[in-house]
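Asks: Below are the structure tokens for one structure; questions will follow.
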Amino acid sequence: MSLINLFNGLVYGSLLIVMCSGLALIYGLRRVVNFAHGALYMLGAYLGYSVALHSNFWVALVAVPAIMALLGALLDRYGFRLLQNREPLTVVLVTFGLLLVIEDFVQTVWGKANLSLAAPAMLDFSIDLLGTSLPVYRIGVVVAGLAVAAGLTLWLRLSSVGLAVRAASTDPTTTAMQGVNTDTLSALVVGVGTALAGLAGVVAAPFLSLSPSMSSDVLIDSFVVVVVGGLGSLGGAFVAAMALGLVQAFGAVYLPDTSVLLPFLLMLAILVWKPAGLAGSRT
Amino acid sequence: MTFLQVAVRAIAALALGAAAAAFVGSDAVLSLLAQATIYALFASGVGLLLRQNGSASFGHALFFGGAGYGVAALLKLQAMPAELAILATLAAMTLLAFLVGLVIVRVPGIAFGMVTLAMGQMAFLSTSRARGFLGGADGLSVEWPATVFGMAQSDLFRPATLFMLSWATLVVVLAALALLLASRFGSVTEAVRDNEERARFIGIATLVPRAAIYALSALVSGTGGVLAALNTGFVSPESLHWSLSGMTLMMVIVGGFKTLWGPALGAVVYFLFKDVLGDYATHWMSIFGVVLIAVIVFAPTGLAGLLQRLVRRRAPLAASAAAALEVRDARA
């Protein structure tokens, strides 16, 4: 019984890892909390649904993050870059306005009814592991989450672009003085961040149904993860994402009435102990 | 501002409201005005937090809807008379907000906003699933008794009475806030907002004033929630949803949060707009999103700021005389 809960927790936690690394990257470089991230996830899911309808899931898995990356680069160039000298709250409210626009767009184009996307045929079966039957698609989600976490960490640690990103996250001015084009770098990082949101959407579509409320549901959880992990910290986000996934999975089974409150209580508990999150925050 | 200045403006505003209640014939218009006033109160709470603490709350519907639900629950249990239920709900909510505030105002920057969003949405989710006592997604009707505060139901639930009650509450609350913020408490919170470290260096304890402002903003929004329960006789989880909080934050930004009355102005403008938009209402989210972006980028001080600048330009002599008087009062 517990193994399936543990597994479901890992699955949702992996999804949150993909979502929150995008949020953390965008914050790290632009100091912007992207309130539109959930809406971008939803857009990615719905786009994936349409693309998969006309071709297949795997095409969607590649095409949607690419489209979202382009959107992200445009958002950075014409949004974040132009507002970078304003107060942080200003940009946040702009992303909030963007959230409203994207949500309305999705509802207009795809309607308000719940849609579902079938998992790709290749992964649409279950295997038996330690006495419980686990859907292989969900194992794929966990693999995807771990791959994103590992890939991002390696990219940031080992590549020269990653070095530039880390430098620009710490001190944009000095990094620019060293000859790094921080504007292009920001467009790249925001693009990667929004692509990750879109990827999360496509990956989530087969096992979570597509609905108008999916944007706010995942945004709340992502915010809890990022606040608990510490704004701007990727490692903190990874730990917090897994913790949240497990808390929700076990809570849904053992405390179904109050399971919704568990993330909030977890967040309050961590904040009482460490107001800036587990890894601290960069202001 | 001195007590006299605030009192004069408050009485003038009350007189204006009474005139409107007496001379506006249409019940529909009065209902709309009552609703606008209630949301003005809600927005004033959000605006207070933004103005004094410099923090934006994306989940203040928690207090707006929460107060309504509190009163509805107490009346359903028939635990106490309606007047006491209202006071008890508001008192309990303010206390809870203060305790939660002690924890969350320490969260730096925008993370605070994210926490409030999470809190508000969790209240929404748990309420819409609590099918038993609180009615779940269907909501709960508020069982008001035959007389409330001495007024019979037939008198109380007329549009003119509801409007006058809401308007009077709004005026009194804003007047009280103006007086409170003109005192040392207001200066302390502004010092903490502008530079917390420096405030601590000069000996101000920074946690309690900030939590107190959070609790106060909860109280103001909660009062709006109680009035809403009175106005519609019904509470539903929609009054807790983040979109309501977001809409209200938008009213605050459009109205301008540097002044106390800016958010109220924003609420009134929002309601007028919604009435005018009519047919395009299906895309209201996009429209308000665009308006929010436009205002925040091009006119950050909002409508109140624009109006103030207009007055300053038209009557510079009068404005500078008023400014000089304020400086003299502040020094006295």
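Following the order of the structure tokens, first chain is A, next is B, and so on, with residues numbered from 1 inside each chain and ligands from 1 in the order they appear.
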Pull the closest atom pair for each residue of chain A that gets at most 9 Å from chain B, along with the distance in Å to one decimal, counting only C-alpha atoms, ordering rows by chain and then ascending residue number, as JSON lines.

Replies:
{"residue": "A:Val32", "atom": "CA", "partner": "B:Ile110", "partner_atom": "CA", "distance": 8.7}
{"residue": "A:Val33", "atom": "CA", "partner": "B:Ile110", "partner_atom": "CA", "distance": 7.1}
{"residue": "A:Phe35", "atom": "CA", "partner": "B:Met114", "partner_atom": "CA", "distance": 8.8}
{"residue": "A:Leu83", "atom": "CA", "partner": "B:Val297", "partner_atom": "CA", "distance": 8.1}
{"residue": "A:Pro88", "atom": "CA", "partner": "B:Ile110", "partner_atom": "CA", "distance": 7.6}
{"residue": "A:Leu89", "atom": "CA", "partner": "B:Ile110", "partner_atom": "CA", "distance": 7.1}
{"residue": "A:Thr90", "atom": "CA", "partner": "B:Ile296", "partner_atom": "CA", "distance": 6.3}
{"residue": "A:Val91", "atom": "CA", "partner": "B:Ile296", "partner_atom": "CA", "distance": 8.5}
{"residue": "A:Val92", "atom": "CA", "partner": "B:Ile110", "partner_atom": "CA", "distance": 8.0}
{"residue": "A:Leu93", "atom": "CA", "partner": "B:Ile293", "partner_atom": "CA", "distance": 7.2}
{"residue": "A:Val94", "atom": "CA", "partner": "B:Ile293", "partner_atom": "CA", "distance": 5.1}
{"residue": "A:Thr95", "atom": "CA", "partner": "B:Ile293", "partner_atom": "CA", "distance": 8.3}
{"residue": "A:Phe96", "atom": "CA", "partner": "B:Gly289", "partner_atom": "CA", "distance": 7.4}
{"residue": "A:Gly97", "atom": "CA", "partner": "B:Gly289", "partner_atom": "CA", "distance": 3.9}
{"residue": "A:Leu98", "atom": "CA", "partner": "B:Gly289", "partner_atom": "CA", "distance": 6.2}
{"residue": "A:Leu99", "atom": "CA", "partner": "B:Gly289", "partner_atom": "CA", "distance": 7.6}
{"residue": "A:Leu100", "atom": "CA", "partner": "B:Gly289", "partner_atom": "CA", "distance": 5.3}
{"residue": "A:Val101", "atom": "CA", "partner": "B:Ser286", "partner_atom": "CA", "distance": 4.2}
{"residue": "A:Ile102", "atom": "CA", "partner": "B:Ser286", "partner_atom": "CA", "distance": 7.7}
{"residue": "A:Glu103", "atom": "CA", "partner": "B:Met285", "partner_atom": "CA", "distance": 8.0}
{"residue": "A:Asp104", "atom": "CA", "partner": "B:Ser286", "partner_atom": "CA", "distance": 5.8}
{"residue": "A:Phe105", "atom": "CA", "partner": "B:Ser286", "partner_atom": "CA", "distance": 7.7}
{"residue": "A:Thr108", "atom": "CA", "partner": "B:His283", "partner_atom": "CA", "distance": 8.4}
{"residue": "A:Ser216", "atom": "CA", "partner": "B:Trp242", "partner_atom": "CA", "distance": 8.5}
{"residue": "A:Asp217", "atom": "CA", "partner": "B:Gln121", "partner_atom": "CA", "distance": 8.5}
{"residue": "A:Leu219", "atom": "CA", "partner": "B:Ala118", "partner_atom": "CA", "distance": 8.7}
{"residue": "A:Ile220", "atom": "CA", "partner": "B:Ala118", "partner_atom": "CA", "distance": 5.2}
{"residue": "A:Asp221", "atom": "CA", "partner": "B:Ala118", "partner_atom": "CA", "distance": 7.7}
{"residue": "A:Phe223", "atom": "CA", "partner": "B:Met114", "partner_atom": "CA", "distance": 5.9}
{"residue": "A:Val224", "atom": "CA", "partner": "B:Ala118", "partner_atom": "CA", "distance": 6.9}
{"residue": "A:Val226", "atom": "CA", "partner": "B:Ala111", "partner_atom": "CA", "distance": 8.5}
{"residue": "A:Val227", "atom": "CA", "partner": "B:Ala111", "partner_atom": "CA", "distance": 6.1}
{"residue": "A:Gly230", "atom": "CA", "partner": "B:Ala111", "partner_atom": "CA", "distance": 9.0}
{"residue": "A:Leu231", "atom": "CA", "partner": "B:Ala111", "partner_atom": "CA", "distance": 7.5}
{"residue": "A:Asp257", "atom": "CA", "partner": "B:Ser126", "partner_atom": "CA", "distance": 7.9}
{"residue": "A:Thr258", "atom": "CA", "partner": "B:Ser126", "partner_atom": "CA", "distance": 7.2}
{"residue": "A:Ser259", "atom": "CA", "partner": "B:Ser126", "partner_atom": "CA", "distance": 8.6}
{"residue": "A:Val260", "atom": "CA", "partner": "B:Ser126", "partner_atom": "CA", "distance": 6.2}
{"residue": "A:Leu261", "atom": "CA", "partner": "B:Met122", "partner_atom": "CA", "distance": 6.1}
{"residue": "A:Pro263", "atom": "CA", "partner": "B:Met122", "partner_atom": "CA", "distance": 8.7}
{"residue": "A:Phe264", "atom": "CA", "partner": "B:Met119", "partner_atom": "CA", "distance": 6.5}
{"residue": "A:Met267", "atom": "CA", "partner": "B:Val115", "partner_atom": "CA", "distance": 8.2}
{"residue": "A:Leu268", "atom": "CA", "partner": "B:Val103", "partner_atom": "CA", "distance": 7.5}
{"residue": "A:Leu271", "atom": "CA", "partner": "B:Val103", "partner_atom": "CA", "distance": 6.9}
{"residue": "A:Val272", "atom": "CA", "partner": "B:Val103", "partner_atom": "CA", "distance": 5.8}
{"residue": "A:Lys274", "atom": "CA", "partner": "B:Val107", "partner_atom": "CA", "distance": 8.8}
{"residue": "A:Pro275", "atom": "CA", "partner": "B:Val107", "partner_atom": "CA", "distance": 5.0}
{"residue": "A:Ala276", "atom": "CA", "partner": "B:Val107", "partner_atom": "CA", "distance": 5.8}
{"residue": "A:Gly277", "atom": "CA", "partner": "B:Val107", "partner_atom": "CA", "distance": 8.4}
{"residue": "A:Ser281", "atom": "CA", "partner": "B:Pro108", "partner_atom": "CA", "distance": 8.0}
{"residue": "A:Thr283", "atom": "CA", "partner": "B:Gly109", "partner_atom": "CA", "distance": 7.3}

Asks: For the residues in that selection, give me N, CA and C atoms as a short mmCIF file (atom, residue, chain, number, x, y, z; two decimals), in the first residue's frame.

Replies:
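So selection.cif came out as:
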data_model
loop_
_atom_site.label_atom_id
_atom_site.label_comp_id
_atom_site.auth_asym_id
_atom_site.auth_seq_id
_atom_site.Cartn_x
_atom_site.Cartn_y
_atom_site.Cartn_z
N VAL A 32 12.58 38.08 -11.03
CA VAL A 32 11.14 38.19 -11.28
C VAL A 32 10.48 36.90 -10.85
N VAL A 33 9.46 36.99 -10.01
CA VAL A 33 8.66 35.81 -9.71
C VAL A 33 7.59 35.74 -10.79
N PHE A 35 4.49 35.04 -12.13
CA PHE A 35 3.15 34.59 -11.77
C PHE A 35 2.45 33.93 -12.94
N LEU A 83 11.38 46.35 -18.21
CA LEU A 83 10.92 46.73 -16.88
C LEU A 83 11.97 46.46 -15.82
N PRO A 88 10.36 45.51 -8.07
CA PRO A 88 10.03 44.10 -8.35
C PRO A 88 8.53 43.86 -8.43
N LEU A 89 7.76 44.57 -7.60
CA LEU A 89 6.31 44.35 -7.58
C LEU A 89 5.70 44.69 -8.93
N THR A 90 6.27 45.68 -9.62
CA THR A 90 5.73 46.09 -10.91
C THR A 90 5.75 44.94 -11.90
N VAL A 91 6.92 44.31 -12.01
CA VAL A 91 7.04 43.23 -12.99
C VAL A 91 6.16 42.05 -12.59
N VAL A 92 6.08 41.79 -11.29
CA VAL A 92 5.24 40.70 -10.82
C VAL A 92 3.80 40.93 -11.23
N LEU A 93 3.33 42.18 -11.06
CA LEU A 93 1.95 42.48 -11.44
C LEU A 93 1.75 42.37 -12.94
N VAL A 94 2.79 42.69 -13.72
CA VAL A 94 2.69 42.52 -15.17
C VAL A 94 2.54 41.04 -15.49
N THR A 95 3.32 40.17 -14.81
CA THR A 95 3.16 38.74 -15.07
C THR A 95 1.78 38.27 -14.62
N PHE A 96 1.26 38.91 -13.57
CA PHE A 96 -0.08 38.56 -13.13
C PHE A 96 -1.11 38.92 -14.20
N GLY A 97 -0.96 40.10 -14.79
CA GLY A 97 -1.85 40.49 -15.88
C GLY A 97 -1.73 39.52 -17.05
N LEU A 98 -0.48 39.07 -17.29
CA LEU A 98 -0.24 38.11 -18.36
C LEU A 98 -0.94 36.79 -18.08
N LEU A 99 -0.94 36.40 -16.80
CA LEU A 99 -1.65 35.19 -16.40
C LEU A 99 -3.12 35.27 -16.80
N LEU A 100 -3.74 36.43 -16.51
CA LEU A 100 -5.16 36.60 -16.85
C LEU A 100 -5.37 36.48 -18.35
N VAL A 101 -4.47 37.10 -19.12
CA VAL A 101 -4.62 37.08 -20.58
C VAL A 101 -4.46 35.65 -21.12
N ILE A 102 -3.42 34.94 -20.65
CA ILE A 102 -3.18 33.59 -21.16
C ILE A 102 -4.32 32.66 -20.78
N GLU A 103 -4.80 32.76 -19.55
CA GLU A 103 -5.91 31.89 -19.12
C GLU A 103 -7.13 32.12 -19.99
N ASP A 104 -7.43 33.39 -20.26
CA ASP A 104 -8.59 33.69 -21.08
C ASP A 104 -8.39 33.15 -22.49
N PHE A 105 -7.17 33.29 -23.02
CA PHE A 105 -6.86 32.80 -24.35
C PHE A 105 -7.08 31.29 -24.44
N THR A 108 -10.73 30.49 -24.36
CA THR A 108 -11.42 30.86 -25.59
C THR A 108 -11.15 29.84 -26.69
N SER A 216 -3.93 27.38 -11.84
CA SER A 216 -3.77 27.85 -10.47
C SER A 216 -3.40 26.71 -9.53
N ASP A 217 -3.90 25.49 -9.79
CA ASP A 217 -3.56 24.36 -8.92
C ASP A 217 -2.05 24.17 -8.86
N LEU A 219 0.26 26.26 -9.86
CA LEU A 219 0.99 27.46 -9.47
C LEU A 219 1.12 27.54 -7.96
N ILE A 220 0.02 27.23 -7.26
CA ILE A 220 0.05 27.27 -5.80
C ILE A 220 1.13 26.33 -5.29
N ASP A 221 1.11 25.09 -5.79
CA ASP A 221 2.11 24.12 -5.32
C ASP A 221 3.52 24.56 -5.69
N PHE A 223 4.59 27.60 -6.03
CA PHE A 223 4.98 28.69 -5.14
C PHE A 223 5.37 28.16 -3.77
N VAL A 224 4.61 27.19 -3.26
CA VAL A 224 4.96 26.61 -1.98
C VAL A 224 6.36 26.01 -2.06
N VAL A 226 8.84 26.74 -4.15
CA VAL A 226 9.90 27.73 -4.31
C VAL A 226 10.12 28.54 -3.04
N VAL A 227 9.04 28.84 -2.33
CA VAL A 227 9.19 29.60 -1.08
C VAL A 227 9.87 28.75 -0.02
N GLY A 230 13.47 28.22 -0.99
CA GLY A 230 14.30 29.41 -1.04
C GLY A 230 14.32 29.94 -2.46
N LEU A 231 13.89 31.20 -2.64
CA LEU A 231 13.78 31.79 -3.97
C LEU A 231 15.15 31.80 -4.66
N ASP A 257 -9.57 14.61 4.12
CA ASP A 257 -10.33 15.85 4.29
C ASP A 257 -9.41 17.06 4.39
N THR A 258 -8.28 16.87 5.05
CA THR A 258 -7.42 18.03 5.25
C THR A 258 -6.19 18.02 4.34
N SER A 259 -6.18 17.10 3.36
CA SER A 259 -4.96 16.98 2.55
C SER A 259 -4.63 18.26 1.81
N VAL A 260 -5.68 19.06 1.52
CA VAL A 260 -5.43 20.31 0.80
C VAL A 260 -4.62 21.28 1.66
N LEU A 261 -4.81 21.19 2.98
CA LEU A 261 -4.13 22.14 3.85
C LEU A 261 -2.67 21.77 4.11
N PRO A 263 0.11 21.21 2.27
CA PRO A 263 1.22 22.02 1.73
C PRO A 263 1.34 23.35 2.47
N PHE A 264 0.19 23.97 2.78
CA PHE A 264 0.22 25.24 3.48
C PHE A 264 0.82 25.08 4.87
N MET A 267 4.45 24.63 4.59
CA MET A 267 5.07 25.91 4.29
C MET A 267 5.20 26.77 5.54
N LEU A 268 4.10 26.87 6.31
CA LEU A 268 4.13 27.67 7.54
C LEU A 268 5.18 27.13 8.49
N LEU A 271 8.54 28.08 7.33
CA LEU A 271 8.77 29.52 7.42
C LEU A 271 8.96 29.99 8.86
N VAL A 272 8.30 29.31 9.80
CA VAL A 272 8.52 29.67 11.21
C VAL A 272 9.98 29.43 11.57
N LYS A 274 12.58 28.93 9.20
CA LYS A 274 13.51 29.65 8.33
C LYS A 274 12.73 30.55 7.38
N PRO A 275 12.56 31.85 7.72
CA PRO A 275 11.69 32.71 6.92
C PRO A 275 12.09 32.84 5.46
N ALA A 276 13.36 32.66 5.15
CA ALA A 276 13.74 32.85 3.76
C ALA A 276 13.83 31.53 3.01
N GLY A 277 13.24 30.49 3.58
CA GLY A 277 13.26 29.20 2.89
C GLY A 277 14.47 28.38 3.29
N SER A 281 17.16 33.10 0.60
CA SER A 281 16.75 33.70 -0.65
C SER A 281 17.72 34.79 -1.06
N THR A 283 17.92 38.40 -2.50
CA THR A 283 17.01 39.53 -2.70
C THR A 283 17.46 40.40 -3.85
#

Asks: What gap, in Å, lies between CA of Leu95 (chain B) and CA of Ala175 (chain B)?

Replies: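 That distance, rounded to one decimal, is 22.2 Å.
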
Asks: At a cut-off of 10 Å, using only C-alpha atoms, what residues contact region 31-37 of chain B? Leave out same-chain residues fewer than 4 positions from it and give the result as a ChimeraX atom specification.

Replies: /B:20-21,26-27,41-43,158-171,224,227-228,231-232,264-272,275

Asks: Restricting it to C-alpha atoms, dump the selection as a short mmCIF file (atom, residue, chain, number, x, y, z; two decimals), in the first residue's frame.

Replies:
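Once written, result.cif looks like this:
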data_model
loop_
_atom_site.label_atom_id
_atom_site.label_comp_id
_atom_site.auth_asym_id
_atom_site.auth_seq_id
_atom_site.Cartn_x
_atom_site.Cartn_y
_atom_site.Cartn_z
CA ALA B 20 -27.37 59.64 -3.13
CA ALA B 21 -29.46 57.19 -1.10
CA SER B 26 -33.40 53.25 -9.25
CA ASP B 27 -33.02 50.22 -6.99
CA LEU B 41 -13.88 48.37 1.54
CA PHE B 42 -12.28 45.08 0.50
CA ALA B 43 -9.85 46.94 -1.75
CA ARG B 158 -33.81 47.66 1.04
CA PRO B 159 -31.16 48.75 -1.50
CA ALA B 160 -31.07 52.30 -0.14
CA THR B 161 -30.45 51.11 3.42
CA LEU B 162 -27.79 48.63 2.36
CA PHE B 163 -26.03 51.27 0.31
CA MET B 164 -26.12 53.81 3.13
CA LEU B 165 -24.87 51.22 5.62
CA SER B 166 -21.99 50.18 3.37
CA TRP B 167 -21.12 53.76 2.50
CA ALA B 168 -21.17 54.84 6.16
CA THR B 169 -18.95 51.90 7.10
CA LEU B 170 -16.51 52.76 4.33
CA VAL B 171 -16.33 56.43 5.37
CA GLY B 224 -16.38 44.22 3.65
CA LEU B 227 -21.36 43.55 4.56
CA ALA B 228 -21.33 41.32 1.48
CA ASN B 231 -26.04 42.36 1.02
CA THR B 232 -26.55 39.02 -0.70
CA ALA B 264 -11.95 52.71 -3.16
CA LEU B 265 -11.84 54.80 -6.33
CA GLY B 266 -10.42 51.82 -8.19
CA ALA B 267 -13.29 49.62 -6.99
CA VAL B 268 -15.91 52.13 -8.16
CA VAL B 269 -14.21 52.47 -11.56
CA TYR B 270 -14.06 48.68 -11.88
CA PHE B 271 -17.79 48.34 -11.26
CA LEU B 272 -18.64 51.11 -13.70
CA ASP B 275 -21.42 47.53 -16.22
#

Asks: Please provide the set of residues having any atom within 9 Å of region 90-93 of chain B, restricted to only C-alpha atoms, with same-chain residues fewer than 5 positions apart removed, written as JSON, numbers by chain.

Replies: {"B": [63, 66, 67, 70, 71, 85, 98, 215, 218, 219, 222, 223, 226]}

Asks: Could you dump the residues just selected with N, CA and C atoms as a short mmCIF file (atom, residue, chain, number, x, y, z; two decimals), in the first residue's frame?

Replies:
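Contents of out_37.cif, freshly written:
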data_model
loop_
_atom_site.label_atom_id
_atom_site.label_comp_id
_atom_site.auth_asym_id
_atom_site.auth_seq_id
_atom_site.Cartn_x
_atom_site.Cartn_y
_atom_site.Cartn_z
N PHE B 63 -9.82 36.72 3.80
CA PHE B 63 -10.47 37.45 4.89
C PHE B 63 -11.85 37.93 4.49
N GLY B 66 -13.77 34.71 4.25
CA GLY B 66 -13.69 34.08 5.56
C GLY B 66 -14.63 34.72 6.56
N ALA B 67 -14.70 36.06 6.54
CA ALA B 67 -15.59 36.76 7.46
C ALA B 67 -17.04 36.39 7.16
N GLY B 70 -17.62 32.97 8.42
CA GLY B 70 -17.63 32.95 9.88
C GLY B 70 -18.99 33.35 10.42
N VAL B 71 -19.51 34.46 9.90
CA VAL B 71 -20.82 34.93 10.34
C VAL B 71 -21.90 33.90 9.98
N ALA B 85 -22.32 37.83 16.67
CA ALA B 85 -21.66 36.97 15.68
C ALA B 85 -20.74 37.79 14.79
N PHE B 98 -3.28 38.35 12.88
CA PHE B 98 -2.10 38.86 13.55
C PHE B 98 -1.11 37.73 13.82
N ALA B 215 -2.88 42.48 10.21
CA ALA B 215 -4.13 42.17 10.91
C ALA B 215 -5.17 43.25 10.63
N ALA B 218 -6.63 42.83 7.31
CA ALA B 218 -7.56 41.71 7.34
C ALA B 218 -8.90 42.17 7.91
N LEU B 219 -8.84 42.99 8.96
CA LEU B 219 -10.06 43.48 9.58
C LEU B 219 -10.88 44.32 8.60
N GLY B 222 -12.29 42.11 6.01
CA GLY B 222 -13.31 41.26 6.63
C GLY B 222 -14.61 42.01 6.84
N THR B 223 -14.50 43.29 7.21
CA THR B 223 -15.72 44.09 7.37
C THR B 223 -16.48 44.13 6.06
N VAL B 226 -18.36 40.88 5.72
CA VAL B 226 -19.59 40.82 6.52
C VAL B 226 -20.71 41.57 5.80
#

Asks: Using only C-alpha atoms, can you tell me which of B:Pro209, B:Gly186, B:Gly256, B:Gly139 comes closest to Gly68 (chain B)?

Replies: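 Going through B:Pro209, B:Gly186, B:Gly256, B:Gly139 one by one, the smallest distance to Gly68 (chain B) is for B:Gly139.
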
Asks: Can you list, as number ranges by chain, every residue of region 4-250 of chain A that DSSP puts in alpha helix (DSSP H)?

Replies: A: 4-30, 37-54, 57-75, 88-110, 136-158, 160-170, 172-177, 182-204, 214-229, 234-250

Asks: What residues in region 21-261 of chain B get the DSSP label strand (DSSP E or B)? Please answer as a ChimeraX atom specification.

Replies: /B:140-141,147-148,151-152,234-235

Asks: Take the residues just selected and output them with N, CA and C atoms as a PDB file, in the first residue's frame.

Replies:
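Heads up, here's the output in result_15.pdb:
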ATOM      1  N   LEU B 140     -23.440  28.628   1.181  1.00  0.00           N
ATOM      2  CA  LEU B 140     -24.243  28.577   2.400  1.00  0.00           C
ATOM      3  C   LEU B 140     -25.085  29.835   2.452  1.00  0.00           C
ATOM      4  N   SER B 141     -26.362  29.686   2.776  1.00  0.00           N
ATOM      5  CA  SER B 141     -27.154  30.904   2.907  1.00  0.00           C
ATOM      6  C   SER B 141     -27.047  31.402   4.340  1.00  0.00           C
ATOM      7  N   THR B 147     -34.442  40.895  13.445  1.00  0.00           N
ATOM      8  CA  THR B 147     -33.886  42.246  13.580  1.00  0.00           C
ATOM      9  C   THR B 147     -32.377  42.156  13.776  1.00  0.00           C
ATOM     10  N   VAL B 148     -31.679  43.048  13.100  1.00  0.00           N
ATOM     11  CA  VAL B 148     -30.237  43.116  13.254  1.00  0.00           C
ATOM     12  C   VAL B 148     -29.880  44.537  13.667  1.00  0.00           C
ATOM     13  N   MET B 151     -32.727  46.929  13.624  1.00  0.00           N
ATOM     14  CA  MET B 151     -33.500  47.228  12.398  1.00  0.00           C
ATOM     15  C   MET B 151     -34.198  45.975  11.910  1.00  0.00           C
ATOM     16  N   ALA B 152     -35.466  46.129  11.551  1.00  0.00           N
ATOM     17  CA  ALA B 152     -36.213  44.977  11.040  1.00  0.00           C
ATOM     18  C   ALA B 152     -35.676  44.588   9.678  1.00  0.00           C
ATOM     19  N   PHE B 234     -25.863  35.365   1.303  1.00  0.00           N
ATOM     20  CA  PHE B 234     -25.352  34.104   0.793  1.00  0.00           C
ATOM     21  C   PHE B 234     -23.824  34.164   0.745  1.00  0.00           C
ATOM     22  N   VAL B 235     -23.169  33.069   1.117  1.00  0.00           N
ATOM     23  CA  VAL B 235     -21.712  33.004   0.947  1.00  0.00           C
ATOM     24  C   VAL B 235     -21.363  31.765   0.129  1.00  0.00           C
TER      25      VAL B 235
END
